[in-house]
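To keep things clear, I will list the structure first and then write my remarks on it.
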Amino acid sequence: MPISDASISILRTAILFGLISSIVAFIWAPFLIKFLYHYKLTRHPEYDATLAMGARKSKIGVPIMGGLLVIITIAVLTYFFNWDRRFTWVPIGVMLLSAILGGLDDILHVYGTKRRSRKLGHILKLIRVHKDWRMRVWYSLTLPWQIFKRTSVWLSRNPGKGIHVHEKLFLQFIAGAITAWWVYFKLGAYWLNVFVPFYGYINMGWWIIPLIIFFVMCTANAVNIADGMDGLAGGSLIITFSALIIISWIQGATAITFLNATATGALIAYTYFNIKPARFQMGDVGSLGLGALLAINMIVLNRMLLLPFIGFIFYLELASVILQIAGRYIFGVRIFRMAPLHHHFELRGWSEEKTVMRFWIIHAGMVMFGIWIALL
Amino acid sequence: MTTKTLSQPARNVISQYLSLSFVQGSLPCPYFNNRRIATRGNLRVLIGKGTPSDIITEAHIIAMREHIDLNELAMDQLRNFLIDHNLGIDCSGLTYYILNAELKATKHISLAHNLHYPKSGFLRKLIIQLRPVENISVKVLADEKNSQLVEIKDIEPGDIIIMIKTGLQHKLNHVLLIHQVDFENKKIQTVHYTHAIQWQIDGKYNHSVRQGIIEITDENKPLIKQKWIEQNRSGENNYTLNHAKRSKAFSIRRIHSLTS
């Protein structure tokens with residue numbers, strides 16, 4: 001069956017969005033690099049152990065927050081040329097919220113001071129012995145939060161100067177909750193049905209809310225974790241968002257198709273500057289924002305459960321971190337020499353280029369598989 | 001003279017602990033006892049229960065994290081680095097890995113799954129299943145359900161010498177593993193042992209996995225009355241013998257799995 005002229009026109013416009021986005025990003029990238037150098041928003045070795053690896057020493061002093069290039073380009077172009085009350089404002093809003101969280105983390109890593117974190121035993125003691133009864137009440141009331149905080153610190157090992165893990169998780173939860181609210185109350189009944197590969201649609205009812213929060217949090221963190229090598233996250237995201245253009249175009253989700261094309265175009269410019277030796281790195285501002293955008297995209301396209309395929313390399317990296325923590329605390333062994341997975345291969349002697357390109361190829365293969373399932 | 005030794009894989013484990021390989025050379029694995037810092041739920045290599053390769057890999061990872069080039073350290077600096085970062089092996093951990101290699105080579109079974117653990121309770125049993133090495137102590141090895149007493153004349157490679165409640169304050173338990181026995185006219189002449197220990201005179205940095213010998217001068221006398229030689233020291237100057245003498249319970253035992 002021939003493709004209709006209207007569909008071809010949408011695809012042509014989407015490609016135009018991609019091209020314009022790419023050109024715009026290329027034009028302002030040098031200014032961003034200059035800005036990041038000027039304010040010394042660069043990688044510091046004291047909070048990044050991997051910089052001591054022989055091949056990674058050259059990364060010291062490279063600007064972070066290069067992800068601003070993609071985030072701002074997407075947000076501005078979408079606001080002016082693709083603003084849709086129903087489909088684009090919440091994805092852009094949640095992307096910006098996550099990006100602000102990531103940006104704050106990046107800035108605090110450079111300009112912040114190390115923050116104190118009381119041990120749980122100390123807090124329990126203060127509840128018993130603090131001379132001011134109001135403080136004893138305060139510590140008692142905030143105890144669940146302190147337990148959550150200490151558990152996060154315990155699992156993440158080194159909170160450093162930036163936003164602590166428990167705060168990050170809390171804010172990501174809010175981003176996920178906003179998405180869930182939007183899907184549950186604004187989009188309509190169709191989005192309460194989740195596509196299950198090889199089965200069909202299952203009506204989730206209000207269970208869609210925790211599922212959405214889970215996927216937004218997971219995906220944002222997964223992209224964040226994968227952003228550790230020059231070109232890895234950028235190249236993989238180009239593959240992923242290109243796949244999303246195809247899926248959204250076939251589904252007839254025009255605004256989302258244009259949004260994905262804009263993201264792909266901006267990512268092409270970003271990755272041009274990010275391949276080794278990188279002129280800048282994505283930073284949390286880009287990885288958390290784009291991770292959230294990826295998750296929302298899949299939710300809007302009703303292919304949420306395919307995220308582990310469409311975002312394969314990100315989920316693989318996330319799984320490696322979870323396995324490493326589980327191995328450490330449950331079995332007392334390191335499953336990988338270092339997590340995330342790309343560092344494991346680096347420590348085994350793979351060059352950065354080899355690791356990145358192999359990851360791209362594996363990712364592309366799994367994304368193709370994901371598209372195939374998505375179109376069933 | 002005839003000699004009985006452990007199997008080749010078990011001997012390999014011993015030699016790996018006696019010479020941890022680094023770029024600039026090899027050094028014996030330091031002694032580490034988690035009793036001092038009492039860390040829980042950590043990597044086994046950081047609580048004195050790591051394999052030689054675990055220790056070497058962890059040393060490289062810690063060095064990288066602390067921006068230290070391990071390859072540029074002198075041998076004594078390297079040893080100090082390991083000790084300062086709690087990288088070492090305790091006596092029961094060392095015994096476990098050697099006996100495990102022996103059992104795998106000779107009986108095709110693993111030691112951890114053929115031991116009885118005196119501690120009960122569902123959670124503890126689950127932890128033991130997940131982290132067996134960390135739960136093997138001198139007391140577990142000395143338990144009646146895991147090992148049996150052995151006479152001096154019957155000593156064989158793989159037997160263990162148990163010292164319960166030793167040390168100056170009788171708070172330590174210690175185990176030595178016999179890796180070789182020399183015979184003359186079917187009579188035991190010398191017993192060779194391997195263990196991980198820290199003597200009082202070792203200070204902070206001079207302890208490690210070590211080997212020593214016990215010359216059997218009279219089979220009818222108890223083992224602590226024989227001639228113990230380690231680090232060229234014997235008699236009162238041999239602190240391993242002093243540990244043996246101070247212990248509240250001293251015995252030579254054989255793991256049941258080795259006999260079955």
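Residues are named by chain letter and number: chains run A, B, ... in the order of the structure tokens, numbers start at 1 in each chain, and ligands are numbered from 1 in the order shown.
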What are the nearest atom pairs, with distances in Å to one decimal, for all residues of chain B that come at most 6 Å from chain A, using only C-alpha atoms, set out by chain and rising residue number as JSON lines?
```
{"residue": "B:Gly41", "atom": "CA", "partner": "A:Tyr329", "partner_atom": "CA", "distance": 5.5}
{"residue": "B:Asn42", "atom": "CA", "partner": "A:Gly332", "partner_atom": "CA", "distance": 6.0}
{"residue": "B:Leu43", "atom": "CA", "partner": "A:Gly332", "partner_atom": "CA", "distance": 4.2}
{"residue": "B:Arg44", "atom": "CA", "partner": "A:Gly332", "partner_atom": "CA", "distance": 4.9}
{"residue": "B:Met64", "atom": "CA", "partner": "A:Ala52", "partner_atom": "CA", "distance": 5.5}
{"residue": "B:Arg65", "atom": "CA", "partner": "A:Ala49", "partner_atom": "CA", "distance": 4.6}
{"residue": "B:His67", "atom": "CA", "partner": "A:Ala52", "partner_atom": "CA", "distance": 5.4}
{"residue": "B:Leu130", "atom": "CA", "partner": "A:Phe331", "partner_atom": "CA", "distance": 5.6}
{"residue": "B:Arg131", "atom": "CA", "partner": "A:Phe331", "partner_atom": "CA", "distance": 5.4}
```
Spatial neighbours of B:Ile62, 12 Å, only C-alpha atoms, chain gap at least 6 places, as a PDB file with N, CA, C and O atoms, in the first residue's frame:
```pdb
ATOM      1  N   ALA A  49      36.700   9.340  40.227  1.00  0.00           N
ATOM      2  CA  ALA A  49      37.822   8.410  40.374  1.00  0.00           C
ATOM      3  C   ALA A  49      38.309   7.891  39.031  1.00  0.00           C
ATOM      4  O   ALA A  49      39.493   7.603  38.856  1.00  0.00           O
ATOM      5  N   THR A  50      37.410   7.782  38.079  1.00  0.00           N
ATOM      6  CA  THR A  50      37.802   7.170  36.798  1.00  0.00           C
ATOM      7  C   THR A  50      38.817   8.029  36.049  1.00  0.00           C
ATOM      8  O   THR A  50      39.495   7.541  35.158  1.00  0.00           O
ATOM      9  N   ALA A  52      41.511   8.897  36.973  1.00  0.00           N
ATOM     10  CA  ALA A  52      42.870   8.440  37.254  1.00  0.00           C
ATOM     11  C   ALA A  52      43.301   7.329  36.314  1.00  0.00           C
ATOM     12  O   ALA A  52      44.480   7.002  36.239  1.00  0.00           O
ATOM     13  N   MET A  53      42.367   6.732  35.603  1.00  0.00           N
ATOM     14  CA  MET A  53      42.736   5.696  34.638  1.00  0.00           C
ATOM     15  C   MET A  53      43.605   6.353  33.574  1.00  0.00           C
ATOM     16  O   MET A  53      43.281   7.455  33.102  1.00  0.00           O
ATOM     17  N   ARG A 337      34.629  -5.339  37.237  1.00  0.00           N
ATOM     18  CA  ARG A 337      35.783  -4.663  37.842  1.00  0.00           C
ATOM     19  C   ARG A 337      35.384  -3.266  38.295  1.00  0.00           C
ATOM     20  O   ARG A 337      35.858  -2.767  39.304  1.00  0.00           O
ATOM     21  N   MET A 338      34.563  -2.631  37.485  1.00  0.00           N
ATOM     22  CA  MET A 338      34.031  -1.330  37.874  1.00  0.00           C
ATOM     23  C   MET A 338      32.708  -1.139  37.148  1.00  0.00           C
ATOM     24  O   MET A 338      32.557  -1.572  36.013  1.00  0.00           O
TER      25      MET A 338
ATOM     26  N   VAL B  45      36.902  -9.183  50.021  1.00  0.00           N
ATOM     27  CA  VAL B  45      38.332  -8.894  49.953  1.00  0.00           C
ATOM     28  C   VAL B  45      38.739  -7.847  50.994  1.00  0.00           C
ATOM     29  O   VAL B  45      39.896  -7.799  51.414  1.00  0.00           O
ATOM     30  N   LEU B  46      37.774  -7.047  51.437  1.00  0.00           N
ATOM     31  CA  LEU B  46      38.090  -5.998  52.409  1.00  0.00           C
ATOM     32  C   LEU B  46      37.874  -6.450  53.850  1.00  0.00           C
ATOM     33  O   LEU B  46      38.053  -5.662  54.776  1.00  0.00           O
ATOM     34  N   ASP B  54      41.516 -11.441  43.877  1.00  0.00           N
ATOM     35  CA  ASP B  54      40.648 -10.401  44.461  1.00  0.00           C
ATOM     36  C   ASP B  54      41.511  -9.281  45.063  1.00  0.00           C
ATOM     37  O   ASP B  54      41.241  -8.100  44.869  1.00  0.00           O
ATOM     38  N   ILE B  55      42.529  -9.683  45.802  1.00  0.00           N
ATOM     39  CA  ILE B  55      43.375  -8.711  46.519  1.00  0.00           C
ATOM     40  C   ILE B  55      44.136  -7.837  45.525  1.00  0.00           C
ATOM     41  O   ILE B  55      44.192  -6.612  45.669  1.00  0.00           O
ATOM     42  N   ILE B  56      44.680  -8.474  44.494  1.00  0.00           N
ATOM     43  CA  ILE B  56      45.458  -7.707  43.497  1.00  0.00           C
ATOM     44  C   ILE B  56      44.534  -6.741  42.744  1.00  0.00           C
ATOM     45  O   ILE B  56      44.851  -5.559  42.577  1.00  0.00           O
ATOM     46  N   ILE B  68      46.793   6.933  42.744  1.00  0.00           N
ATOM     47  CA  ILE B  68      48.146   6.449  43.034  1.00  0.00           C
ATOM     48  C   ILE B  68      48.537   5.489  41.918  1.00  0.00           C
ATOM     49  O   ILE B  68      47.737   4.633  41.527  1.00  0.00           O
ATOM     50  N   ASP B  69      49.748   5.647  41.407  1.00  0.00           N
ATOM     51  CA  ASP B  69      50.225   4.716  40.387  1.00  0.00           C
ATOM     52  C   ASP B  69      50.899   3.552  41.103  1.00  0.00           C
ATOM     53  O   ASP B  69      52.029   3.672  41.590  1.00  0.00           O
ATOM     54  N   LEU B  70      50.208   2.438  41.164  1.00  0.00           N
ATOM     55  CA  LEU B  70      50.699   1.278  41.913  1.00  0.00           C
ATOM     56  C   LEU B  70      52.037   0.777  41.360  1.00  0.00           C
ATOM     57  O   LEU B  70      52.887   0.299  42.102  1.00  0.00           O
ATOM     58  N   PHE B  81      50.843  -0.134  51.436  1.00  0.00           N
ATOM     59  CA  PHE B  81      49.590   0.270  50.779  1.00  0.00           C
ATOM     60  C   PHE B  81      48.510  -0.789  51.013  1.00  0.00           C
ATOM     61  O   PHE B  81      47.376  -0.477  51.362  1.00  0.00           O
ATOM     62  N   LEU B  82      48.900  -2.053  50.817  1.00  0.00           N
ATOM     63  CA  LEU B  82      47.928  -3.148  51.008  1.00  0.00           C
ATOM     64  C   LEU B  82      47.423  -3.161  52.451  1.00  0.00           C
ATOM     65  O   LEU B  82      46.219  -3.259  52.701  1.00  0.00           O
ATOM     66  N   ASP B  84      47.511  -0.750  54.729  1.00  0.00           N
ATOM     67  CA  ASP B  84      46.752   0.465  55.079  1.00  0.00           C
ATOM     68  C   ASP B  84      45.328   0.418  54.539  1.00  0.00           C
ATOM     69  O   ASP B  84      44.444   1.123  55.045  1.00  0.00           O
ATOM     70  N   HIS B  85      45.119  -0.363  53.480  1.00  0.00           N
ATOM     71  CA  HIS B  85      43.773  -0.432  52.899  1.00  0.00           C
ATOM     72  C   HIS B  85      43.051  -1.737  53.239  1.00  0.00           C
ATOM     73  O   HIS B  85      42.134  -2.154  52.520  1.00  0.00           O
ATOM     74  N   ASN B  86      43.505  -2.372  54.310  1.00  0.00           N
ATOM     75  CA  ASN B  86      42.839  -3.596  54.815  1.00  0.00           C
ATOM     76  C   ASN B  86      42.816  -4.725  53.794  1.00  0.00           C
ATOM     77  O   ASN B  86      41.864  -5.501  53.742  1.00  0.00           O
ATOM     78  N   LEU B  87      43.841  -4.793  52.970  1.00  0.00           N
ATOM     79  CA  LEU B  87      43.906  -5.887  51.996  1.00  0.00           C
ATOM     80  C   LEU B  87      44.839  -6.965  52.544  1.00  0.00           C
ATOM     81  O   LEU B  87      46.034  -6.740  52.700  1.00  0.00           O
TER      82      LEU B  87
END
```
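With only C-alpha atoms as the atoms that count, the residue of A:Asn203, A:Phe215, A:Tyr139, A:Trp360 with the shortest distance to A:Phe173 is A:Phe215.
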Q. Of the candidates B:Val191, B:Leu94, B:Leu176, B:Leu123, which shows the shortest atom-to-atom distance to B:Lys4, using only C-alpha atoms?
A.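 For B:Lys4, the nearest of the candidates is B:Val191.
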**Q.** Residue set, stretch 31-140 of chain B restricted to helix (DSSP H, G or I), as a ChimeraX atom specification
**A.** /B:44-47,52-65,70-72,75-84,91-106,112-114,122-130,133-135,138-140
Kindly save the residues from that selection, with C-alpha atoms included, as a PDB file, in the first residue's frame.
```pdb
ATOM      1  CA  ARG B  44      34.919 -10.092  51.086  1.00  0.00           C
ATOM      2  CA  VAL B  45      38.332  -8.894  49.953  1.00  0.00           C
ATOM      3  CA  LEU B  46      38.090  -5.998  52.409  1.00  0.00           C
ATOM      4  CA  ILE B  47      37.321  -8.205  55.403  1.00  0.00           C
ATOM      5  CA  PRO B  52      44.834 -13.591  45.705  1.00  0.00           C
ATOM      6  CA  SER B  53      43.360 -12.238  42.475  1.00  0.00           C
ATOM      7  CA  ASP B  54      40.648 -10.401  44.461  1.00  0.00           C
ATOM      8  CA  ILE B  55      43.375  -8.711  46.519  1.00  0.00           C
ATOM      9  CA  ILE B  56      45.458  -7.707  43.497  1.00  0.00           C
ATOM     10  CA  THR B  57      42.428  -6.386  41.566  1.00  0.00           C
ATOM     11  CA  GLU B  58      41.142  -4.466  44.573  1.00  0.00           C
ATOM     12  CA  ALA B  59      44.581  -2.949  45.151  1.00  0.00           C
ATOM     13  CA  HIS B  60      44.562  -1.635  41.587  1.00  0.00           C
ATOM     14  CA  ILE B  61      41.018  -0.273  41.903  1.00  0.00           C
ATOM     15  CA  ILE B  62      41.748   1.476  45.224  1.00  0.00           C
ATOM     16  CA  ALA B  63      44.987   2.891  43.831  1.00  0.00           C
ATOM     17  CA  MET B  64      43.122   4.240  40.841  1.00  0.00           C
ATOM     18  CA  ARG B  65      40.458   5.790  43.067  1.00  0.00           C
ATOM     19  CA  LEU B  70      50.699   1.278  41.913  1.00  0.00           C
ATOM     20  CA  ASN B  71      53.427   0.394  39.426  1.00  0.00           C
ATOM     21  CA  GLU B  72      55.631   3.200  40.709  1.00  0.00           C
ATOM     22  CA  MET B  75      57.984  -3.080  47.298  1.00  0.00           C
ATOM     23  CA  ASP B  76      57.795  -1.911  50.907  1.00  0.00           C
ATOM     24  CA  GLN B  77      55.488   0.958  49.913  1.00  0.00           C
ATOM     25  CA  LEU B  78      53.322  -1.535  48.076  1.00  0.00           C
ATOM     26  CA  ARG B  79      53.128  -3.762  51.150  1.00  0.00           C
ATOM     27  CA  ASN B  80      52.231  -0.769  53.319  1.00  0.00           C
ATOM     28  CA  PHE B  81      49.590   0.270  50.779  1.00  0.00           C
ATOM     29  CA  LEU B  82      47.928  -3.148  51.008  1.00  0.00           C
ATOM     30  CA  ILE B  83      47.969  -3.133  54.798  1.00  0.00           C
ATOM     31  CA  ASP B  84      46.752   0.465  55.079  1.00  0.00           C
ATOM     32  CA  CYS B  91      43.932 -17.505  58.989  1.00  0.00           C
ATOM     33  CA  SER B  92      40.543 -19.159  58.411  1.00  0.00           C
ATOM     34  CA  GLY B  93      40.117 -17.509  55.013  1.00  0.00           C
ATOM     35  CA  LEU B  94      43.503 -18.806  53.912  1.00  0.00           C
ATOM     36  CA  THR B  95      42.694 -22.283  55.221  1.00  0.00           C
ATOM     37  CA  TYR B  96      39.332 -22.218  53.455  1.00  0.00           C
ATOM     38  CA  TYR B  97      40.769 -21.405  50.026  1.00  0.00           C
ATOM     39  CA  ILE B  98      43.538 -24.006  50.283  1.00  0.00           C
ATOM     40  CA  LEU B  99      41.221 -26.767  51.539  1.00  0.00           C
ATOM     41  CA  ASN B 100      38.587 -25.841  48.997  1.00  0.00           C
ATOM     42  CA  ALA B 101      41.131 -26.205  46.185  1.00  0.00           C
ATOM     43  CA  GLU B 102      42.239 -29.528  47.663  1.00  0.00           C
ATOM     44  CA  LEU B 103      38.684 -30.860  47.907  1.00  0.00           C
ATOM     45  CA  LYS B 104      37.836 -29.729  44.404  1.00  0.00           C
ATOM     46  CA  ALA B 105      40.952 -31.392  43.016  1.00  0.00           C
ATOM     47  CA  THR B 106      40.650 -34.651  44.917  1.00  0.00           C
ATOM     48  CA  ALA B 112      31.607 -24.382  51.910  1.00  0.00           C
ATOM     49  CA  HIS B 113      28.722 -26.656  51.003  1.00  0.00           C
ATOM     50  CA  ASN B 114      30.041 -29.530  53.061  1.00  0.00           C
ATOM     51  CA  PHE B 122      16.689 -18.169  59.060  1.00  0.00           C
ATOM     52  CA  LEU B 123      18.471 -14.914  58.267  1.00  0.00           C
ATOM     53  CA  ARG B 124      21.848 -16.238  59.334  1.00  0.00           C
ATOM     54  CA  LYS B 125      21.353 -19.385  57.269  1.00  0.00           C
ATOM     55  CA  LEU B 126      20.462 -17.256  54.254  1.00  0.00           C
ATOM     56  CA  ILE B 127      23.563 -15.104  54.748  1.00  0.00           C
ATOM     57  CA  ILE B 128      25.695 -18.230  55.060  1.00  0.00           C
ATOM     58  CA  GLN B 129      24.309 -19.526  51.771  1.00  0.00           C
ATOM     59  CA  LEU B 130      25.046 -16.227  50.056  1.00  0.00           C
ATOM     60  CA  VAL B 133      33.556 -17.749  53.023  1.00  0.00           C
ATOM     61  CA  GLU B 134      32.804 -14.839  55.305  1.00  0.00           C
ATOM     62  CA  ASN B 135      31.063 -17.195  57.716  1.00  0.00           C
ATOM     63  CA  VAL B 138      38.238 -21.227  63.220  1.00  0.00           C
ATOM     64  CA  LYS B 139      35.329 -22.333  65.431  1.00  0.00           C
ATOM     65  CA  VAL B 140      33.379 -23.581  62.413  1.00  0.00           C
TER      66      VAL B 140
END
```
